[in-house]
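Student: File follows, coords15.tsv with TSV, C-alpha atoms:
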chain	number	residue	atom	x	y	z
A	1	MET	CA	0.00	0.00	0.00
A	2	SER	CA	2.85	2.41	0.82
A	3	VAL	CA	4.27	1.88	-2.66
A	4	LEU	CA	0.88	2.70	-4.19
A	5	ARG	CA	0.59	5.87	-2.11
A	6	THR	CA	4.07	6.96	-3.17
A	7	VAL	CA	3.23	6.38	-6.82
A	8	ALA	CA	-0.04	8.30	-6.37
A	9	ARG	CA	1.75	11.26	-4.78
A	10	ARG	CA	4.35	11.35	-7.54
A	11	SER	CA	1.64	11.15	-10.18
A	12	LYS	CA	-0.25	14.01	-8.55
A	13	ARG	CA	2.88	16.19	-8.43
A	14	THR	CA	3.65	15.41	-12.05
A	15	LEU	CA	0.11	16.27	-13.13
A	16	ILE	CA	0.15	19.58	-11.25
A	17	ALA	CA	3.53	20.52	-12.70
A	18	ALA	CA	2.31	19.59	-16.16
A	19	ALA	CA	-0.83	21.65	-15.62
A	20	LEU	CA	1.28	24.62	-14.64
A	21	ALA	CA	3.40	24.31	-17.75
A	22	VAL	CA	0.34	23.95	-19.99
A	23	THR	CA	-1.42	26.90	-18.36
A	24	VAL	CA	1.55	29.23	-18.74
A	25	ALA	CA	2.27	28.08	-22.28
A	26	ALA	CA	-1.35	28.36	-23.36
A	27	GLY	CA	-1.63	31.86	-21.95
A	28	THR	CA	1.32	33.11	-24.01
A	29	GLY	CA	1.39	31.06	-27.17
A	30	GLY	CA	3.96	28.63	-25.81
A	31	TRP	CA	7.40	28.72	-24.27
A	32	ALA	CA	8.68	30.51	-27.37
A	33	ALA	CA	6.91	33.59	-26.03
A	34	GLY	CA	9.73	33.96	-23.50
A	35	SER	CA	13.49	33.93	-23.92
A	36	ALA	CA	16.10	33.00	-21.33
A	37	GLN	CA	17.83	36.01	-19.78
A	38	THR	CA	21.26	36.36	-18.23
A	39	ALA	CA	20.85	37.98	-14.82
A	40	VAL	CA	22.88	41.13	-14.23
A	41	THR	CA	24.57	40.90	-10.84
A	42	GLY	CA	27.36	42.66	-8.99
A	43	PRO	CA	28.39	46.30	-9.31
A	44	PRO	CA	28.39	48.04	-12.71
A	45	PRO	CA	31.56	48.70	-14.74
A	46	GLY	CA	34.11	50.87	-12.96
A	47	ALA	CA	34.28	49.00	-9.67
A	48	ALA	CA	37.92	48.03	-10.23
A	49	ALA	CA	38.95	51.65	-10.81
A	50	TRP	CA	37.00	52.68	-7.68
A	51	ARG	CA	38.79	50.07	-5.55
A	52	ALA	CA	42.15	51.25	-6.91
A	53	ASP	CA	41.45	54.93	-6.11
A	54	HIS	CA	43.58	56.01	-3.13
A	55	SER	CA	43.29	59.76	-3.75
A	56	LEU	CA	41.68	60.37	-0.35
A	57	GLY	CA	44.30	58.38	1.51
A	58	VAL	CA	41.72	55.84	2.70
A	59	ARG	CA	40.25	52.66	1.30
A	60	LEU	CA	36.93	53.29	-0.46
A	61	PRO	CA	34.02	51.00	0.51
A	62	ASP	CA	33.85	47.97	-1.78
A	63	PRO	CA	30.68	48.34	-3.89
A	64	ALA	CA	30.28	44.55	-3.93
A	65	THR	CA	30.51	43.88	-0.21
A	66	ALA	CA	30.18	47.06	1.89
A	67	GLN	CA	26.91	47.33	3.80
A	68	PRO	CA	24.82	50.43	2.97
A	69	ALA	CA	25.11	51.67	6.56
A	70	ALA	CA	28.91	51.56	6.28
A	71	VAL	CA	28.73	53.37	2.93
A	72	ALA	CA	26.59	56.08	4.53
A	73	ARG	CA	29.10	56.53	7.36
A	74	PHE	CA	31.96	56.77	4.88
A	75	PHE	CA	30.34	59.54	2.85
A	76	ALA	CA	29.35	61.39	6.03
A	77	SER	CA	33.05	61.59	6.86
A	78	LEU	CA	33.85	63.43	3.60
A	79	THR	CA	33.52	67.05	2.63
A	80	ASP	CA	31.10	68.05	-0.14
A	81	ALA	CA	34.06	68.66	-2.44
A	82	GLN	CA	35.45	65.18	-1.78
A	83	GLN	CA	32.06	63.58	-2.39
A	84	GLN	CA	31.61	65.37	-5.69
A	85	ALA	CA	35.14	64.54	-6.81
A	86	LEU	CA	34.41	60.85	-6.31
A	87	ALA	CA	31.15	61.16	-8.26
A	88	VAL	CA	32.96	62.83	-11.16
A	89	ARG	CA	35.69	60.18	-11.27
A	90	HIS	CA	33.40	57.19	-10.70
A	91	PRO	CA	29.86	58.09	-11.79
A	92	LEU	CA	28.59	54.54	-12.35
A	93	THR	CA	29.86	53.39	-8.98
A	94	VAL	CA	28.60	56.33	-6.94
A	95	GLY	CA	25.31	56.44	-8.84
A	96	ASN	CA	24.52	52.85	-7.87
A	97	LEU	CA	26.13	52.75	-4.44
A	98	ASP	CA	23.39	52.07	-1.89
A	99	GLY	CA	24.02	54.19	1.17
A	100	ALA	CA	25.58	57.08	-0.77
A	101	PRO	CA	23.83	60.47	-0.39
A	102	ILE	CA	20.76	60.62	-2.60
A	103	ALA	CA	21.53	64.02	-4.16
A	104	LEU	CA	25.04	62.80	-4.98
A	105	ARG	CA	23.60	59.73	-6.70
A	106	TYR	CA	21.40	61.98	-8.84
A	107	MET	CA	24.49	63.94	-9.89
A	108	ALA	CA	26.55	60.81	-10.58
A	109	ASN	CA	23.84	59.20	-12.66
A	110	SER	CA	23.45	62.33	-14.73
A	111	LEU	CA	27.14	62.09	-15.56
A	112	ALA	CA	26.87	58.36	-16.27
A	113	LEU	CA	23.89	58.90	-18.58
A	114	LYS	CA	25.72	61.62	-20.51
A	115	ALA	CA	28.72	59.33	-20.96
A	116	GLU	CA	26.52	56.43	-22.08
A	117	ARG	CA	24.64	58.67	-24.50
A	118	ALA	CA	27.93	59.80	-26.05
A	119	ARG	CA	29.09	56.18	-26.32
A	120	GLN	CA	25.89	55.13	-28.06
A	121	LEU	CA	26.02	58.07	-30.48
A	122	ALA	CA	29.57	57.04	-31.39
A	123	ARG	CA	28.33	53.49	-32.01
A	124	ALA	CA	25.54	54.84	-34.20
A	125	ALA	CA	28.10	56.59	-36.40
A	126	ASP	CA	30.65	53.77	-36.48
A	127	PRO	CA	31.12	52.71	-40.14
A	128	ALA	CA	32.09	49.21	-38.98
A	129	GLY	CA	28.65	48.67	-37.47
A	130	THR	CA	25.61	47.21	-39.22
A	131	LEU	CA	22.37	49.08	-39.88
A	132	GLN	CA	20.81	47.19	-36.98
A	133	ASP	CA	23.73	48.18	-34.72
A	134	HIS	CA	23.21	51.82	-35.66
A	135	GLN	CA	19.47	51.67	-35.03
A	136	GLN	CA	19.89	50.03	-31.64
A	137	ALA	CA	22.55	52.56	-30.65
A	138	ARG	CA	20.34	55.51	-31.62
A	139	LYS	CA	17.47	54.10	-29.59
A	140	ALA	CA	19.74	53.64	-26.58
A	141	ALA	CA	21.03	57.19	-26.95
A	142	ASP	CA	17.47	58.48	-27.11
A	143	ARG	CA	16.62	56.61	-23.91
A	144	CYS	CA	19.55	58.23	-22.14
A	145	ALA	CA	18.50	61.65	-23.43
A	146	ALA	CA	14.97	61.11	-22.10
A	147	LEU	CA	16.30	60.25	-18.64
A	148	LEU	CA	18.46	63.38	-18.72
A	149	LYS	CA	15.50	65.74	-19.12
A	150	PRO	CA	15.31	68.47	-16.46
A	151	GLY	CA	13.47	67.49	-13.31
A	152	ARG	CA	14.12	63.76	-13.50
A	153	ARG	CA	15.75	62.21	-10.43
A	154	ILE	CA	17.66	59.10	-11.50
A	155	LEU	CA	18.59	57.14	-8.40
A	156	ALA	CA	20.29	54.25	-10.21
A	157	PHE	CA	21.47	53.55	-13.76
A	158	ASP	CA	23.26	50.48	-15.07
A	159	PRO	CA	23.72	50.11	-18.86
A	160	ARG	CA	24.61	46.42	-18.74
A	161	GLY	CA	22.35	43.88	-20.40
A	162	ARG	CA	18.91	45.31	-21.16
A	163	GLY	CA	19.62	48.21	-18.82
A	164	GLN	CA	18.45	48.91	-15.28
A	165	VAL	CA	17.21	52.15	-13.76
A	166	ALA	CA	15.52	53.60	-10.69
A	167	GLU	CA	13.80	56.97	-10.58
A	168	ALA	CA	12.39	59.01	-7.71
A	169	TYR	CA	9.23	61.04	-8.11
A	170	ASP	CA	9.39	64.05	-5.80
A	171	ASP	CA	11.83	64.79	-3.01
A	172	LEU	CA	12.95	61.80	-0.95
A	173	ALA	CA	14.81	64.11	1.44
A	174	THR	CA	11.63	65.80	2.67
A	175	ALA	CA	9.02	63.08	2.10
A	176	GLU	CA	6.88	61.96	5.03
A	177	HIS	CA	5.56	58.88	3.22
A	178	THR	CA	7.39	56.92	0.53
A	179	ALA	CA	6.76	53.97	-1.75
A	180	VAL	CA	8.91	51.69	-3.92
A	181	ILE	CA	7.41	49.97	-6.96
A	182	VAL	CA	8.93	46.64	-8.06
A	183	PRO	CA	7.70	45.57	-11.53
A	184	GLY	CA	7.36	42.19	-13.18
A	185	SER	CA	8.19	40.79	-16.62
A	186	ASP	CA	9.24	42.70	-19.74
A	187	ILE	CA	10.52	45.80	-17.95
A	188	ASP	CA	13.97	47.25	-18.63
A	189	LEU	CA	15.58	50.52	-19.70
A	190	ALA	CA	13.67	50.56	-23.01
A	191	SER	CA	10.24	49.84	-21.50
A	192	PHE	CA	10.69	51.73	-18.22
A	193	ASP	CA	8.24	54.43	-19.28
A	194	ARG	CA	6.83	53.24	-22.59
A	195	ALA	CA	3.68	54.88	-23.99
A	196	LYS	CA	1.93	51.54	-24.62
A	197	ASP	CA	0.13	50.14	-21.57
A	198	PRO	CA	1.47	52.96	-19.35
A	199	TYR	CA	0.04	51.67	-16.08
A	200	GLY	CA	1.87	48.40	-16.63
A	201	THR	CA	5.21	50.25	-16.45
A	202	PRO	CA	6.99	51.35	-13.27
A	203	THR	CA	6.97	54.97	-14.41
A	204	GLY	CA	3.23	54.95	-15.14
A	205	MET	CA	2.48	53.21	-11.84
A	206	ALA	CA	4.68	55.59	-9.86
A	207	ARG	CA	3.23	58.73	-11.42
A	208	SER	CA	-0.32	57.50	-10.98
A	209	LEU	CA	0.25	56.60	-7.32
A	210	ARG	CA	1.97	59.92	-6.66
A	211	THR	CA	-0.93	61.85	-8.28
A	212	GLU	CA	-3.50	59.90	-6.28
A	213	MET	CA	-1.70	60.56	-3.00
A	214	THR	CA	-1.40	64.27	-3.78
A	215	ALA	CA	-5.13	64.47	-4.49
A	216	ASP	CA	-5.97	62.47	-1.38
A	217	ALA	CA	-3.61	64.34	0.97
A	218	PRO	CA	-2.55	67.61	-0.68
A	219	GLY	CA	-0.68	68.87	2.38
A	220	THR	CA	1.38	65.72	2.85
A	221	ARG	CA	4.86	65.38	1.37
A	222	THR	CA	5.22	62.08	-0.51
A	223	ALA	CA	7.66	60.43	-2.90
A	224	VAL	CA	7.54	57.27	-5.03
A	225	ILE	CA	10.46	55.30	-6.47
A	226	ALA	CA	10.15	53.21	-9.62
A	227	TRP	CA	12.82	50.52	-9.21
A	228	VAL	CA	14.03	48.33	-12.06
A	229	GLY	CA	17.17	47.01	-10.42
A	230	TYR	CA	16.98	43.39	-11.52
A	231	THR	CA	16.84	41.44	-14.78
A	232	THR	CA	13.16	40.76	-15.45
A	233	PRO	CA	11.80	37.82	-17.46
A	234	VAL	CA	10.98	38.44	-21.11
A	235	GLY	CA	7.56	37.06	-21.99
A	236	ILE	CA	5.99	34.38	-19.87
A	237	GLY	CA	8.20	31.40	-20.49
A	238	PRO	CA	10.60	29.38	-18.35
A	239	ASP	CA	12.14	32.46	-16.71
A	240	ALA	CA	8.74	33.69	-15.52
A	241	ALA	CA	7.76	30.25	-14.23
A	242	THR	CA	10.94	29.70	-12.19
A	243	GLY	CA	12.67	31.64	-9.44
A	244	ARG	CA	16.10	31.96	-11.09
A	245	LEU	CA	15.89	35.67	-11.94
A	246	ALA	CA	14.08	36.48	-8.69
A	247	GLU	CA	16.86	34.80	-6.72
A	248	ALA	CA	19.39	37.00	-8.52
A	249	GLY	CA	17.31	40.13	-8.02
A	250	ALA	CA	16.32	39.68	-4.38
A	251	PRO	CA	19.72	40.63	-2.88
A	252	ARG	CA	19.74	43.75	-5.07
A	253	LEU	CA	16.32	44.82	-3.84
A	254	ALA	CA	17.21	44.12	-0.21
A	255	ARG	CA	20.38	46.16	-0.59
A	256	PHE	CA	18.50	49.03	-2.22
A	257	LEU	CA	15.94	49.14	0.60
A	258	SER	CA	18.72	49.02	3.17
A	259	GLY	CA	20.37	51.93	1.37
A	260	LEU	CA	17.21	54.01	1.66
A	261	ALA	CA	17.11	53.33	5.39
A	262	ALA	CA	20.80	54.24	5.74
A	263	THR	CA	20.22	57.62	4.11
A	264	GLY	CA	17.26	58.51	6.31
A	265	VAL	CA	14.38	57.88	3.91
A	266	PRO	CA	11.17	57.00	5.83
A	267	ALA	CA	10.29	53.31	5.82
A	268	PRO	CA	8.53	52.80	2.48
A	269	ALA	CA	5.56	50.81	1.36
A	270	VAL	CA	6.87	48.33	-1.22
A	271	LEU	CA	4.45	47.58	-4.07
A	272	CYS	CA	5.27	44.37	-5.93
A	273	HIS	CA	3.56	43.59	-9.23
A	274	SER	CA	3.40	40.16	-10.88
A	275	TYR	CA	6.88	38.52	-11.01
A	276	GLY	CA	8.07	41.41	-8.90
A	277	SER	CA	6.20	39.84	-5.99
A	278	VAL	CA	8.44	36.78	-6.33
A	279	VAL	CA	11.47	39.07	-6.01
A	280	CYS	CA	9.89	40.74	-2.97
A	281	GLY	CA	9.06	37.40	-1.37
A	282	LEU	CA	12.72	36.43	-1.53
A	283	ALA	CA	14.10	39.88	-0.68
A	284	VAL	CA	12.09	40.91	2.38
A	285	PRO	CA	13.33	38.13	4.70
A	286	ARG	CA	16.89	39.22	3.88
A	287	LEU	CA	16.38	42.70	5.32
A	288	GLY	CA	16.67	41.81	8.99
A	289	GLY	CA	17.58	44.98	10.84
A	290	GLN	CA	19.25	46.57	7.81
A	291	GLY	CA	16.18	48.05	6.14
A	292	ARG	CA	12.72	48.65	7.55
A	293	ILE	CA	9.58	48.72	5.40
A	294	ALA	CA	6.17	49.92	6.54
A	295	ASP	CA	3.93	47.90	4.22
A	296	LEU	CA	4.27	45.21	1.59
A	297	ILE	CA	1.63	45.20	-1.16
A	298	VAL	CA	1.55	42.41	-3.75
A	299	PHE	CA	-0.82	42.55	-6.71
A	300	GLY	CA	-1.30	40.35	-9.74
A	301	SER	CA	1.00	37.90	-7.94
A	302	PRO	CA	1.76	34.36	-9.16
A	303	GLY	CA	3.03	33.58	-5.64
A	304	MET	CA	5.94	34.68	-3.49
A	305	ARG	CA	7.78	31.39	-2.99
A	306	ARG	CA	6.58	31.53	0.60
A	307	ASP	CA	3.85	29.48	2.27
A	308	GLY	CA	2.49	32.44	4.20
A	309	VAL	CA	3.13	35.83	5.76
A	310	ALA	CA	5.06	34.29	8.67
A	311	GLU	CA	7.79	33.12	6.27
A	312	LEU	CA	8.45	36.72	5.19
A	313	HIS	CA	9.88	37.46	8.66
A	314	THR	CA	8.76	41.07	8.56
A	315	SER	CA	6.96	43.43	10.90
A	316	ALA	CA	5.45	45.21	7.89
A	317	ARG	CA	1.76	44.90	7.16
A	318	VAL	CA	1.31	42.57	4.19
A	319	TRP	CA	-1.48	43.24	1.68
A	320	ALA	CA	-2.62	41.36	-1.43
A	321	ALA	CA	-4.89	42.23	-4.37
A	322	ARG	CA	-6.04	40.54	-7.56
A	323	ASP	CA	-8.82	41.60	-9.88
A	324	ALA	CA	-11.24	39.05	-11.30
A	325	SER	CA	-10.13	39.63	-14.90
A	326	ASP	CA	-6.42	39.11	-14.23
A	327	TRP	CA	-5.18	36.05	-16.13
A	328	ILE	CA	-2.66	35.35	-13.36
A	329	GLY	CA	-5.56	33.83	-11.42
A	330	ASN	CA	-5.52	30.92	-13.88
A	331	VAL	CA	-1.95	29.95	-13.02
A	332	PRO	CA	-1.85	27.01	-10.54
A	333	ASN	CA	-0.37	28.08	-7.21
A	334	VAL	CA	2.22	25.34	-6.84
A	335	GLU	CA	5.98	25.12	-6.60
A	336	LEU	CA	7.14	21.78	-7.97
A	337	LEU	CA	10.16	20.61	-9.91
A	338	GLY	CA	11.39	24.21	-10.12
A	339	LEU	CA	8.15	25.46	-11.69
A	340	GLY	CA	5.66	27.80	-10.08
A	341	HIS	CA	5.86	30.23	-7.18
A	342	GLY	CA	3.81	28.62	-4.44
A	343	GLU	CA	0.80	29.77	-2.44
A	344	ASP	CA	-1.64	32.44	-3.60
A	345	PRO	CA	-1.09	35.60	-1.50
A	346	THR	CA	-4.79	36.50	-1.89
A	347	ASP	CA	-5.85	33.22	-0.28
A	348	PRO	CA	-6.97	33.98	3.29
A	349	ALA	CA	-4.82	31.08	4.49
A	350	PHE	CA	-1.71	32.98	3.34
A	351	GLY	CA	-2.36	35.61	6.00
A	352	ALA	CA	-2.16	38.81	3.96
A	353	ARG	CA	-4.72	41.58	4.34
A	354	HIS	CA	-7.21	41.77	1.47
A	355	VAL	CA	-7.25	44.80	-0.82
A	356	SER	CA	-10.19	45.33	-3.15
A	357	ALA	CA	-9.44	45.60	-6.88
A	358	LYS	CA	-12.96	45.25	-8.25
A	359	ARG	CA	-12.62	48.16	-10.70
A	360	ALA	CA	-9.17	47.18	-11.97
A	361	GLU	CA	-9.01	45.49	-15.37
A	362	GLY	CA	-6.55	42.87	-16.55
A	363	HIS	CA	-3.06	42.16	-15.31
A	364	THR	CA	-1.68	45.70	-15.60
A	365	GLY	CA	-4.63	47.86	-14.59
A	366	TYR	CA	-4.19	48.02	-10.81
A	367	LEU	CA	-2.82	51.56	-10.71
A	368	ALA	CA	-4.99	53.00	-13.49
A	369	PRO	CA	-6.79	56.21	-12.45
A	370	GLY	CA	-10.25	55.68	-11.02
A	371	THR	CA	-9.66	52.15	-9.76
A	372	ASP	CA	-10.37	51.15	-6.20
A	373	SER	CA	-7.02	49.36	-6.08
A	374	LEU	CA	-5.18	52.64	-6.78
A	375	GLN	CA	-7.20	54.41	-4.11
A	376	ASN	CA	-6.48	51.62	-1.64
A	377	PHE	CA	-2.76	51.53	-2.42
A	378	ALA	CA	-2.54	55.30	-1.90
A	379	ALA	CA	-4.34	55.01	1.43
A	380	ILE	CA	-1.90	52.31	2.55
A	381	VAL	CA	1.18	54.37	1.63
A	382	LEU	CA	-0.31	57.35	3.48
A	383	GLY	CA	-0.98	55.18	6.55
A	384	ARG	CA	-4.72	55.71	6.31
A	385	TYR	CA	-5.54	52.07	6.92
A	386	GLY	CA	-9.14	52.71	7.91
A	387	ARG	CA	-9.87	53.78	4.34
A	388	VAL	CA	-8.69	50.53	2.77
A	389	SER	CA	-11.52	48.40	1.39
Could you quickly redo this structure as structure tokens?
Tutor:
Amino acid sequence: MSVLRTVARRSKRTLIAAALAVTVAAGTGGWAAGSAQTAVTGPPPGAAAWRADHSLGVRLPDPATAQPAAVARFFASLTDAQQQALAVRHPLTVGNLDGAPIALRYMANSLALKAERARQLARAADPAGTLQDHQQARKAADRCAALLKPGRRILAFDPRGRGQVAEAYDDLATAEHTAVIVPGSDIDLASFDRAKDPYGTPTGMARSLRTEMTADAPGTRTAVIAWVGYTTPVGIGPDAATGRLAEAGAPRLARFLSGLAATGVPAPAVLCHSYGSVVCGLAVPRLGGQGRIADLIVFGSPGMRRDGVAELHTSARVWAARDASDWIGNVPNVELLGLGHGEDPTDPAFGARHVSAKRAEGHTGYLAPGTDSLQNFAAIVLGRYGRVS
């Protein structure tokens, strides 16, 4: 009998895993709808030159290993002139160094974007390049130019791979309430603020949330960060159905949040959309005492690779939303043979607080103007929990 039970259990697991694969493939036209991505990890180019810089007579904090709190203490020991000199010499390092002063990161990333734009324009004019090379280079240069427009606050920029970026909307230095948006699949430097499906992009979500909070609490100072600091899946294929990219991105998110805490930014609400909720599920337990968050909101989530709120090991309030028309609800909530992301965060058994999303439409409509989910998310960030439906 024990042999029969074992066979039955294995058969059940195989069937569920097969169902997951079929569901994901059917929803996207097959595995070909997604392509395998190489995760970008470690500090951006320039780290070696930074480590070799002894101009200040002291060892600079290693961008790969130094804790954000230690980075913050190091920069606090420098004069403004010394800080700016480092940013000029090492813009990619300083611009992405969690724990460095926020205003200095804005300055450094402006320099890094100008340098990358010049590099791409040179590529676009290189006679040795193909027509496709020239077109891609011009597009990349245009993206850099867009991020350099006056008023934009670029908190991180990494040109490697498909490109990563983080942008702050309004002043983090004076904000009373803050939020960080972590997106899901198909988001990178090129699609960070695309015109198509705007509320499915981190820029569109951040702007919409910021506008809603301003309307709801006009006298309250708020700021929202759109964070694309990890390599996202492309399409909904094997990368989206496994945790490989989330496992690579989680330490980067945890470090970023710790950096905000080290620079005095109020504990944020972290909003995690779709595959971004997998990243958040793996990142939040890593925070420990290094970075405090006020609230964790997951929406359109396929699962967090956790069995429940207790496994997140956080004191933050955990919220979950999914609208009835979101196709993600058709994905089986299992984690077997490397496929799937586990329990449904909207299931009461998971332990998250329910957030209504009745007026949201589809997988990317949660922060569209006029939706109850947007209103609820804004209320959570503002700490007005009694208004959440």
Student: Smallest atom-to-atom distance to Thr222 (chain A): which of A:Val270, A:Val381, A:Val234, A:Met304, using only C-alpha atoms?
Tutor: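 Among the listed residues, A:Val381 lies closest to Thr222 (chain A).
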Student: When you draw a straight line from CA of Glu311 (chain A) to CA of Thr242 (chain A), how long is it in Å?
Tutor: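 About the pair CA of Glu311 (chain A) and CA of Thr242 (chain A): they are 19.0 Å apart.
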Student: Between A:Pro63, A:Ala39, A:Ala115, A:Leu257, which one has atoms that come closest to Arg162 (chain A), using all atoms listed in the file?
Tutor: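 Under the stated criterion, the closest residue is A:Ala39.
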Student: Determine, counting all atoms listed in the file, every residue of protein, DNA or RNA that lies within 6 Å of (18.7, 51.2, -14.3) in the file coordinates, then give the result as a PDB file with C-alpha atoms, keeping the file's coordinate frame.
Tutor:
ATOM      1  CA  ALA A 156      20.290  54.250 -10.210  1.00  0.00           C
ATOM      2  CA  PHE A 157      21.470  53.550 -13.760  1.00  0.00           C
ATOM      3  CA  ASP A 158      23.260  50.480 -15.070  1.00  0.00           C
ATOM      4  CA  GLY A 163      19.620  48.210 -18.820  1.00  0.00           C
ATOM      5  CA  GLN A 164      18.450  48.910 -15.280  1.00  0.00           C
ATOM      6  CA  VAL A 165      17.210  52.150 -13.760  1.00  0.00           C
ATOM      7  CA  ALA A 166      15.520  53.600 -10.690  1.00  0.00           C
ATOM      8  CA  VAL A 228      14.030  48.330 -12.060  1.00  0.00           C
ATOM      9  CA  GLY A 229      17.170  47.010 -10.420  1.00  0.00           C
TER      10      GLY A 229
END
Student: So how far away is CA of His177 (chain A) from CA of Ala145 (chain A), in Å?
Tutor: 29.8 Å
Student: CA of Ala47 (chain A) and CA of Phe75 (chain A), how far apart in Å?
Tutor: 16.8 Å
Student: The centre and edge lengths of an axis-aligned box containing all atoms of region 354-370 of chain A present in the file, extended by 3 Å on each side, are to be given in Å to one decimal, as AutoDock Vina command-line options.
Tutor:
--center_x -7.3 --center_y 49.0 --center_z -7.5 --size_x 17.3 --size_y 20.4 --size_z 24.0
Student: Counting all atoms listed in the file, write as a ChimeraX atom specification all protein and nucleic acid residues lying at most 12 Å from (-5.6, 34.5, 2.6) in the file's frame.
Tutor: /A:303,307-309,318-322,343-355
Student: In terms of the shortest atom-to-atom distance over only C-alpha atoms, which of A:Arg252, A:His363, A:Lys358, A:Arg286 is closest to Ser389 (chain A)?
Tutor: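 Distance minimum relative to Ser389 (chain A) lands on A:Lys358.
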Student: Would you mind telling me which residue in A:Arg292, A:His341, A:Arg359, A:Arg210 lies nearest to Ala379 (chain A) when using only C-alpha atoms?
Tutor: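 Between A:Arg292, A:His341, A:Arg359, A:Arg210, the residue approaching Ala379 (chain A) most closely is A:Arg210.
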Student: Applying 6 Å and all atoms listed in the file, which residues near region 182-185 of chain A remain after dropping the ones on its own chain fewer than 5 positions away? List them as a list of chain:residue names.
Tutor: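 Surrounding residues, per the criterion: A:Trp227, A:Thr232, A:Pro233, A:Val234, A:Cys272, A:His273, A:Ser274, A:Tyr275, A:Gly276.
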Student: How about completing region 113-118 of chain A with all heavy atoms and giving it to me as a tab-separated table (two decimals), keeping the file's coordinate frame?
Tutor:
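Now in selection-v4.tsv:
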chain	number	residue	atom	x	y	z
A	113	LEU	N	24.80	58.90	-17.44
A	113	LEU	CA	23.89	58.90	-18.58
A	113	LEU	C	24.47	59.71	-19.75
A	113	LEU	O	24.34	59.31	-20.91
A	113	LEU	CB	22.54	59.46	-18.16
A	113	LEU	CG	21.63	58.50	-17.40
A	113	LEU	CD1	20.54	59.24	-16.65
A	113	LEU	CD2	21.01	57.48	-18.36
A	114	LYS	N	25.10	60.82	-19.45
A	114	LYS	CA	25.72	61.62	-20.51
A	114	LYS	C	26.84	60.83	-21.19
A	114	LYS	O	26.97	60.86	-22.42
A	114	LYS	CB	26.25	62.93	-19.93
A	114	LYS	CG	25.16	63.91	-19.53
A	114	LYS	CD	25.73	65.14	-18.85
A	114	LYS	CE	24.61	66.08	-18.42
A	114	LYS	NZ	25.13	67.26	-17.66
A	115	ALA	N	27.63	60.13	-20.39
A	115	ALA	CA	28.72	59.33	-20.96
A	115	ALA	C	28.17	58.18	-21.80
A	115	ALA	O	28.69	57.89	-22.89
A	115	ALA	CB	29.60	58.79	-19.84
A	116	GLU	N	27.11	57.54	-21.32
A	116	GLU	CA	26.52	56.43	-22.08
A	116	GLU	C	25.87	56.94	-23.36
A	116	GLU	O	25.96	56.29	-24.41
A	116	GLU	CB	25.50	55.70	-21.21
A	116	GLU	CG	24.82	54.52	-21.90
A	116	GLU	CD	25.74	53.38	-22.26
A	116	GLU	OE1	26.90	53.36	-21.77
A	116	GLU	OE2	25.31	52.51	-23.04
A	117	ARG	N	25.24	58.08	-23.30
A	117	ARG	CA	24.64	58.67	-24.50
A	117	ARG	C	25.71	58.96	-25.55
A	117	ARG	O	25.55	58.64	-26.73
A	117	ARG	CB	23.88	59.94	-24.16
A	117	ARG	CG	23.21	60.60	-25.36
A	117	ARG	CD	22.33	61.77	-24.92
A	117	ARG	NE	21.68	62.39	-26.07
A	117	ARG	CZ	22.17	63.44	-26.74
A	117	ARG	NH1	23.34	63.97	-26.36
A	117	ARG	NH2	21.53	63.94	-27.77
A	118	ALA	N	26.83	59.52	-25.12
A	118	ALA	CA	27.93	59.80	-26.05
A	118	ALA	C	28.48	58.51	-26.65
A	118	ALA	O	28.79	58.44	-27.85
A	118	ALA	CB	29.04	60.56	-25.32
